[in-house]
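Structure below is query23.cif: mmCIF, C-alpha atoms and all ligand atoms.
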data_start
loop_
_atom_site.group_PDB
_atom_site.id
_atom_site.type_symbol
_atom_site.label_atom_id
_atom_site.label_comp_id
_atom_site.auth_asym_id
_atom_site.auth_seq_id
_atom_site.Cartn_x
_atom_site.Cartn_y
_atom_site.Cartn_z
ATOM 1 C CA MET A 1 15.830 49.973 135.525
ATOM 2 C CA ASN A 2 15.293 53.661 136.118
ATOM 3 C CA ILE A 3 14.456 56.127 133.392
ATOM 4 C CA GLU A 4 17.590 58.168 132.812
ATOM 5 C CA LYS A 5 19.521 59.629 129.902
ATOM 6 C CA ASP A 6 19.863 57.159 127.023
ATOM 7 C CA THR A 7 17.112 54.811 128.074
ATOM 8 C CA VAL A 8 14.242 53.855 125.782
ATOM 9 C CA VAL A 9 10.896 54.446 127.445
ATOM 10 C CA THR A 10 7.764 52.727 126.167
ATOM 11 C CA LEU A 11 4.497 54.200 127.354
ATOM 12 C CA THR A 12 0.800 54.337 126.726
ATOM 13 C CA TYR A 13 -1.037 57.625 126.968
ATOM 14 C CA LYS A 14 -4.481 59.067 126.942
ATOM 15 C CA VAL A 15 -5.078 62.760 126.324
ATOM 16 C CA SER A 16 -8.118 64.561 127.647
ATOM 17 C CA ASP A 17 -9.153 68.170 128.022
ATOM 18 C CA THR A 18 -9.457 69.883 131.404
ATOM 19 C CA LEU A 19 -13.071 68.687 131.678
ATOM 20 C CA GLY A 20 -11.971 65.086 131.266
ATOM 21 C CA ARG A 21 -13.267 64.662 127.725
ATOM 22 C CA LEU A 22 -11.127 62.278 125.714
ATOM 23 C CA VAL A 23 -9.058 63.992 123.006
ATOM 24 C CA GLU A 24 -6.812 61.149 121.921
ATOM 25 C CA GLU A 25 -5.982 57.684 123.091
ATOM 26 C CA ALA A 26 -2.848 55.999 121.794
ATOM 27 C CA LYS A 27 -3.803 52.883 119.886
ATOM 28 C CA GLU A 28 -0.308 51.515 120.268
ATOM 29 C CA PRO A 29 2.357 52.190 122.864
ATOM 30 C CA MET A 30 4.874 54.875 121.968
ATOM 31 C CA ALA A 31 8.610 54.584 122.512
ATOM 32 C CA TYR A 32 10.996 57.497 122.835
ATOM 33 C CA LEU A 33 14.650 58.045 123.605
ATOM 34 C CA HIS A 34 14.929 59.763 126.985
ATOM 35 C CA GLY A 35 17.511 62.470 127.659
ATOM 36 C CA GLY A 36 16.618 65.702 125.902
ATOM 37 C CA TYR A 37 16.612 64.396 122.324
ATOM 38 C CA ASP A 38 13.421 66.278 121.586
ATOM 39 C CA ASN A 39 11.583 62.999 120.953
ATOM 40 C CA THR A 40 8.751 64.022 123.222
ATOM 41 C CA LEU A 41 7.574 66.974 125.300
ATOM 42 C CA PRO A 42 10.093 68.187 127.897
ATOM 43 C CA GLN A 43 7.278 68.080 130.480
ATOM 44 C CA ILE A 44 6.844 64.347 129.871
ATOM 45 C CA GLU A 45 10.575 63.723 130.218
ATOM 46 C CA ALA A 46 10.690 65.721 133.451
ATOM 47 C CA ALA A 47 7.748 63.781 134.912
ATOM 48 C CA LEU A 48 9.250 60.392 134.056
ATOM 49 C CA ASP A 49 12.899 61.027 134.918
ATOM 50 C CA GLY A 50 14.096 58.552 137.558
ATOM 51 C CA LYS A 51 10.881 56.505 137.418
ATOM 52 C CA THR A 52 10.547 52.830 136.491
ATOM 53 C CA LYS A 53 8.320 50.448 134.547
ATOM 54 C CA GLY A 54 4.743 50.556 135.824
ATOM 55 C CA PHE A 55 4.892 54.222 136.845
ATOM 56 C CA ALA A 56 1.693 56.058 136.007
ATOM 57 C CA THR A 57 0.916 59.745 136.276
ATOM 58 C CA LEU A 58 -1.521 62.403 135.193
ATOM 59 C CA LEU A 59 0.338 65.293 133.669
ATOM 60 C CA LYS A 60 -1.504 68.611 133.486
ATOM 61 C CA LEU A 61 -0.126 70.662 130.627
ATOM 62 C CA GLY A 62 -0.732 74.384 130.273
ATOM 63 C CA ALA A 63 -2.256 75.986 127.205
ATOM 64 C CA ASP A 64 1.198 76.783 125.815
ATOM 65 C CA ALA A 65 2.572 73.223 125.739
ATOM 66 C CA PHE A 66 1.868 72.962 122.018
ATOM 67 C CA GLY A 67 2.309 76.676 121.349
ATOM 68 C CA GLN A 68 -0.237 79.440 121.171
ATOM 69 C CA ARG A 69 -2.725 79.584 118.344
ATOM 70 C CA ASP A 70 -1.628 81.903 115.558
ATOM 71 C CA GLU A 71 -4.523 83.248 113.507
ATOM 72 C CA ALA A 72 -2.075 84.113 110.687
ATOM 73 C CA LEU A 73 -1.875 80.350 110.127
ATOM 74 C CA VAL A 74 -5.570 80.172 109.294
ATOM 75 C CA GLN A 75 -6.247 80.618 105.589
ATOM 76 C CA THR A 76 -9.077 80.212 103.137
ATOM 77 C CA ILE A 77 -8.474 79.326 99.519
ATOM 78 C CA ALA A 78 -10.739 78.755 96.532
ATOM 79 C CA LYS A 79 -11.686 75.160 95.923
ATOM 80 C CA SER A 80 -10.490 75.567 92.324
ATOM 81 C CA ASP A 81 -6.942 76.274 93.608
ATOM 82 C CA PHE A 82 -7.005 73.119 95.609
ATOM 83 C CA PRO A 83 -5.142 69.948 94.678
ATOM 84 C CA ALA A 84 -7.514 67.149 93.732
ATOM 85 C CA GLY A 85 -8.092 64.324 96.136
ATOM 86 C CA VAL A 86 -7.569 66.212 99.399
ATOM 87 C CA LYS A 87 -10.355 65.628 101.868
ATOM 88 C CA LEU A 88 -11.618 67.106 105.088
ATOM 89 C CA GLY A 89 -9.054 66.403 107.782
ATOM 90 C CA GLY A 90 -6.359 65.872 105.152
ATOM 91 C CA GLN A 91 -3.101 67.803 105.031
ATOM 92 C CA ILE A 92 -1.417 69.855 102.343
ATOM 93 C CA LYS A 93 1.782 71.859 102.225
ATOM 94 C CA GLY A 94 1.533 75.559 101.677
ATOM 95 C CA ARG A 95 3.117 78.849 102.633
ATOM 96 C CA GLY A 96 2.351 80.962 105.654
ATOM 97 C CA GLU A 97 2.032 84.734 105.429
ATOM 98 C CA ASP A 98 5.757 85.063 106.134
ATOM 99 C CA GLY A 99 6.554 82.729 103.219
ATOM 100 C CA SER A 100 7.681 79.807 105.366
ATOM 101 C CA GLU A 101 6.507 76.322 104.468
ATOM 102 C CA GLN A 102 3.665 75.068 106.627
ATOM 103 C CA VAL A 103 1.548 71.953 106.764
ATOM 104 C CA PHE A 104 -2.113 72.905 106.680
ATOM 105 C CA THR A 105 -4.987 70.743 107.820
ATOM 106 C CA VAL A 106 -8.232 70.981 105.874
ATOM 107 C CA MET A 107 -10.697 72.144 108.524
ATOM 108 C CA LYS A 108 -13.796 72.872 106.493
ATOM 109 C CA ILE A 109 -14.978 72.815 102.891
ATOM 110 C CA LYS A 110 -17.861 75.192 102.409
ATOM 111 C CA GLY A 111 -19.217 76.022 98.975
ATOM 112 C CA ASP A 112 -16.261 77.071 96.841
ATOM 113 C CA THR A 113 -14.025 77.832 99.797
ATOM 114 C CA VAL A 114 -11.600 75.598 101.630
ATOM 115 C CA HIS A 115 -10.632 76.532 105.191
ATOM 116 C CA LEU A 116 -7.087 75.611 106.204
ATOM 117 C CA ASP A 117 -5.296 75.754 109.535
ATOM 118 C CA ALA A 118 -1.579 75.225 110.111
ATOM 119 C CA ASN A 119 -1.775 75.514 113.897
ATOM 120 C CA HIS A 120 -0.993 72.419 115.898
ATOM 121 C CA PRO A 121 -4.413 70.923 116.659
ATOM 122 C CA TRP A 122 -3.586 71.191 120.364
ATOM 123 C CA ALA A 123 -2.168 74.736 120.243
ATOM 124 C CA GLY A 124 -3.628 76.962 122.937
ATOM 125 C CA LYS A 125 -5.324 74.074 124.723
ATOM 126 C CA ALA A 126 -4.674 72.938 128.257
ATOM 127 C CA LEU A 127 -4.529 69.146 128.214
ATOM 128 C CA HIS A 128 -4.213 66.289 130.654
ATOM 129 C CA PHE A 129 -1.921 63.420 129.699
ATOM 130 C CA ALA A 130 -2.510 60.148 131.530
ATOM 131 C CA ILE A 131 0.743 58.272 131.063
ATOM 132 C CA LYS A 132 1.771 54.767 131.998
ATOM 133 C CA VAL A 133 5.285 53.441 131.531
ATOM 134 C CA THR A 134 5.132 49.898 130.132
ATOM 135 C CA ASP A 135 8.838 49.317 129.533
ATOM 136 C CA VAL A 136 12.276 50.808 130.155
ATOM 137 C CA ARG A 137 15.466 49.550 128.536
ATOM 138 C CA ALA A 138 18.936 50.831 127.781
ATOM 139 C CA ALA A 139 19.288 52.378 124.328
ATOM 140 C CA ILE A 140 21.685 50.740 121.891
ATOM 141 C CA PRO A 141 24.574 52.917 120.610
ATOM 142 C CA GLU A 142 22.966 53.225 117.171
ATOM 143 C CA GLU A 143 19.806 54.679 118.704
ATOM 144 C CA ILE A 144 21.813 57.244 120.666
ATOM 145 C CA GLU A 145 23.703 58.144 117.503
ATOM 146 C CA HIS A 146 20.452 58.543 115.532
ATOM 147 C CA LYS A 147 18.726 60.284 118.461
ATOM 148 C CA HIS A 148 15.615 58.091 118.113
ATOM 149 C CA VAL A 149 14.322 54.652 118.959
ATOM 150 C CA HIS A 150 14.591 51.672 116.649
ATOM 151 C CA GLY A 151 12.586 48.437 116.664
ATOM 152 C CA ALA A 152 9.178 47.981 118.245
ATOM 153 C CA HIS A 153 7.233 51.285 118.375
ATOM 154 C CA GLY A 154 10.244 53.163 116.999
ATOM 155 C CA HIS A 155 11.769 53.975 113.630
ATOM 156 C CA HIS A 156 12.187 51.317 110.989
ATOM 157 C CA HIS A 157 14.953 51.981 108.496
HETATM 158 ZN ZN ZN B 201 17.713 55.501 113.185
#
For the structure just supplied, provide its representation as structure tokens.
Ligand SMILES: [Zn+2]
Amino acid sequence: MNIEKDTVVTLTYKVSDTLGRLVEEAKEPMAYLHGGYDNTLPQIEAALDGKTKGFATLLKLGADAFGQRDEALVQTIAKSDFPAGVKLGGQIKGRGEDGSEQVFTVMKIKGDTVHLDANHPWAGKALHFAIKVTDVRAAIPEEIEHKHVHGAHGHHH
């Protein structure tokens, strides 16, 4: 069956930078509901629309696909103000300079200072997505209603 609105697409992907260095490889296939439900990047949906199981492509995404880096989202705080048990690479909730809630990743712990960054880790980076479609099926009405995939590689609730 072709990938069209209200189909569930299962795919594997491998992300690398423009020099071909591996950034992330999906350990498990990912499933998303196709048709503009904001389950995945619009560029991925556009590349897969009308394709079938077995289709593979290399998608070259520009540096703005995950937004531009915003240096206002980089903060340092004193280690003493830091919740216990958070480690390098861990995430905490905090407030950006405009007061909005942000999820910060712990980038560096140096002396008494903790360096936080709420930018998407891929913000401002041009990336290559190697995608392979491993399955296409029609969505069930409940999935369309919930606007996400249930079952294998989807939501469980
Ligand atoms: Zn659901």
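Each of A:Leu127, A:Leu58, A:Leu48, A:Leu22 was compared to A:Asn2 using only C-alpha atoms, and A:Leu48 turns out to be the nearest.
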Contacts to ligand ZN 201 (chain B) at 12 Å cut-off (all atoms listed in the file) as a ChimeraX atom specification: /A:32-33,139-151,154-157
Name the residues captured by the PyMOL selection byres (((chain A and resi 130) around 10) and not hetatm) when it is applied to the shown file; answer as a PDB file with C-alpha atoms, in the frame of the given file.
ATOM      1  CA  THR A  12       0.800  54.337 126.726  1.00  0.00           C
ATOM      2  CA  TYR A  13      -1.037  57.625 126.968  1.00  0.00           C
ATOM      3  CA  LYS A  14      -4.481  59.067 126.942  1.00  0.00           C
ATOM      4  CA  VAL A  15      -5.078  62.760 126.324  1.00  0.00           C
ATOM      5  CA  SER A  16      -8.118  64.561 127.647  1.00  0.00           C
ATOM      6  CA  GLU A  25      -5.982  57.684 123.091  1.00  0.00           C
ATOM      7  CA  ALA A  56       1.693  56.058 136.007  1.00  0.00           C
ATOM      8  CA  THR A  57       0.916  59.745 136.276  1.00  0.00           C
ATOM      9  CA  LEU A  58      -1.521  62.403 135.193  1.00  0.00           C
ATOM     10  CA  LEU A  59       0.338  65.293 133.669  1.00  0.00           C
ATOM     11  CA  LYS A  60      -1.504  68.611 133.486  1.00  0.00           C
ATOM     12  CA  LEU A 127      -4.529  69.146 128.214  1.00  0.00           C
ATOM     13  CA  HIS A 128      -4.213  66.289 130.654  1.00  0.00           C
ATOM     14  CA  PHE A 129      -1.921  63.420 129.699  1.00  0.00           C
ATOM     15  CA  ILE A 131       0.743  58.272 131.063  1.00  0.00           C
ATOM     16  CA  LYS A 132       1.771  54.767 131.998  1.00  0.00           C
TER      17      LYS A 132
END
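Here atom CA of A:Ile44 stands at a distance of 14.6 Å from atom CA of A:Thr134.
Atom CA of A:Lys125 lies 27.9 Å from atom CA of A:Gly54.
Of note, atom CA of A:Gly90 and atom CA of A:Thr113 are spaced 15.2 Å apart.
Distance check against A:Val9 using all atoms listed in the file: of A:Ala126, A:Val136, A:Ala63, A:Leu116, the minimum falls on A:Val136.
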Smallest atom-to-atom distance to A:Glu45: which of A:Gly67, A:Gln91, A:Ile3, A:Ser100, using only C-alpha atoms? A:Ile3
Would you kindly translate the PyMOL selection byres (((chain A and resi 73) around 6) and not hetatm) into the concrete residues it picks from this file, as a VMD selection string? chain A and resid 70 to 72 74 117 to 118
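With the shown file loaded, the PyMOL selection byres (((chain A and resi 50) around 12) and not hetatm) picks out Met1, Asn2, Ile3, Glu4, Lys5, Thr7, Val9, His34, Gly35, Glu45, Ala46, Ala47, Leu48, Asp49, Lys51, Thr52, Lys53, Phe55, Val133 and Val136 of chain A.
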Restricting the calculation to all atoms listed in the file: of A:Ser80, A:Asn39, A:Thr105, A:Gln75, which residue gets closest to A:Ile92? A:Thr105
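Comparing the minimum interatomic distances between A:His120 and each of A:Ala31, A:Lys108, A:Asp81, A:Arg69, counting all atoms listed in the file, we find that A:Arg69 sits nearest.
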